[in-house]
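Only one structure is covered here, and it is reproduced in the block below.
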Amino acid sequence: MTSLQQSGTNAMDQIERGLRRELAAAYRLVALLGWDDHVATHLSARLQDGSFLIVPFGLMFAEVTAGNLLRVAMDGTVISPVEGPLNAAGFNIHAGLYEARADAASIMHLHTHDGVAVSALKDGLLPLSQTSMLVLPDVAYHSFEGIADRVQERESLARDIGDKNLLILRNHGTLAMGATIADAFYRLYTLEWSCITQMRALAGGRELQMPDPAAAASVGNALDWTHPDRFSVRAFWPAMLRKAERACPDFDDLSN
């Protein structure tokens with residue numbers, strides 16, 4: 001498809017504006033939830049020409065707006081705004097996974113306290129809550145290789161996530177992807193909620209009640225991610241957008 005920049009059509013411009021608005025809301029919601037890490041970590045959304053939107057390096061999530069998101073080509077060229085600084089590790093992770101996964105339209109990566117804590121546990125994510133059982137079949141793991149700014153790590157990231165949509169980066173953090181921003185954020189939210197619950201349960205120092213394996217496995221089949229009216233798109237994300245509109249109404253400012 002013709003690129004947004006080249007076509008200049010109102011329809012294509014509207015698509016980019018919509019993605020900018022939703023991605024900026026996702027950044028603000030992460031900040032509201034206390035899941036940001038100063039100027040580190042990154043969320044992205046892919047446009048129809050293959051370029052993607054991502055935060056300029058140096059902005060805190062609470063400062064992100066629809067207008068100040070960078071649009072970056074797959075070769076690392078910053079398309080707009082041209083003066084924006086690019087996070088090398090962020091670009092490497094997102095570009096590599098977009099290259100490997102044609103079905104991914106949004107990728108989100110965090111360094112939350114509980115997400116990093118679970119990533120450091122040998123057992124990883126455990127089926128301690130209904131919420132964790134919901135995502136466990138979709139979780140993969142990636143071993144720590146250092147700062148993720150080496151092109152060589154793209155191959156191992158793609159290999160490790162395979163056809164799954166959630167990745168726990170060992171000793172590092174969490175990552176989610178989806179066919180829409182709604183899907184990626186819902187998966188990330190659910191994984192982070194599971195990590196918080198797990199670390200609180202482990203901190204209790206008491207014997208854990210593990211679920212029946214068959215019952216736990218059945219929970220993972222509860223969501224149909226192919227349905228056009230799926231929960232993430234129909235109910236979850238509209239509610240989260242309303243939350244962003246109430247708490248930080250300037251997130252959709254398109255000026256930069």
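Simple scheme: letters A, B, ... for chains in structure tokens order, numbers from 1 for residues in each chain, numbers from 1 for ligands in the order shown.
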Do a neighbour search on stretch 135-147 of chain A at 6 Å with only C-alpha atoms, toss out local chain neighbours closer than 5 positions, and write the hits as a PyMOL selection string.
-> chain A and resi 160-161+164-170
Have a look at A:Ser51, A:Pro127, A:Asp75, A:Leu110 and name the one nearest to A:Ala31; count only C-alpha atoms.
-> A:Leu110
Counting only C-alpha atoms, the residue among A:Asp36, A:His113, A:Leu128, A:Gly84 that lies closest to A:Glu207 is A:Leu128
Taking only C-alpha atoms into account, which of A:Leu86, A:Met210, A:Leu70, A:Ala100 comes nearest A:Asn256?
->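 Of the candidates, the smallest distance to A:Asn256 is held by A:Leu70.
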